[in-house]
Amino acid sequence: MDFNKEFLHIFRALAHELNTDWSKVLRADSAFTGSGELKPGLRSYVQRVTGRMSECLVEMAEEAGPKMVLFVHNARLLARYSDGGGHVLDTLFLKGLKAVATVGA
């Protein structure tokens with residue numbers, strides 16, 4: 001599973017859902033690149049996206065079943081936004097995977 005592709009898909013869907021022009025998101029992200037500071041507006045979006053991403057990954061793992069491997073690659077955005085919610089995704093995802101893995105055990 002291409003993490004960045006799915007993350008951006010969810011991010012764009014959230015922006016559309018909230019009637020936010022994608023160019024505004026890109027400007028906020030560009031400002032983050034320049035300053036290293038994740039402003040509250042972008043942070044709020046990132047936190048929502050990481051929550052949805054966690055749900056998506058756990059759902060994929062559940063659908064794959066206990067004998068399948070979920071290979072996640074291209075996860076640079078997880079590192080990029082780690083202070084804005086990525087670390088939460090790590091925790092939620094790992095807890096969710098542990099729960100899924102123990103259901104069939």
# chains A, B, ... in the order shown; residues from 1 in each chain; ligands from 1

$ residues_around --residues "Asp2 of chain A" --least-positions-apart "5" --cutoff "8 Å" --atoms "only C-alpha atoms" --output "PyMOL selection string"
chain A and resi 72-75

$ closest_residue --among "A:Glu63, A:Val58, A:Leu14, A:Met53" --to "Leu77 of chain A" --atoms "only C-alpha atoms"
A:Met53

$ closest_residue --among "A:Glu59, A:Pro66, A:Arg52, A:Leu78" --to "Ala13 of chain A" --atoms "only C-alpha atoms"
A:Arg52

$ residues_around --residues "Ile10 of chain A" --least-positions-apart "6" --cutoff "10 Å" --atoms "only C-alpha atoms" --output "list in words"
Asn4, His16, Arg48, Val49, Thr50, Arg52, Met53 and Cys56 of chain A

$ residues_around --residues "Arg43 of chain A" --least-positions-apart "2" --cutoff "10 Å" --atoms "only C-alpha atoms" --output "NGL selection string"
:A and (28-29 or 37-41 or 45-49 or 81 or 83-85)

$ atom_distance --atom1 "atom CA of Ser30 of chain A" --atom2 "atom CA of Leu42 of chain A"
10.7 Å

$ atom_distance --atom1 "atom CA of Phe11 of chain A" --atom2 "atom CA of Met60 of chain A"
18.0 Å

$ atom_distance --atom1 "atom CA of Gly51 of chain A" --atom2 "atom CA of Arg12 of chain A"
14.4 Å
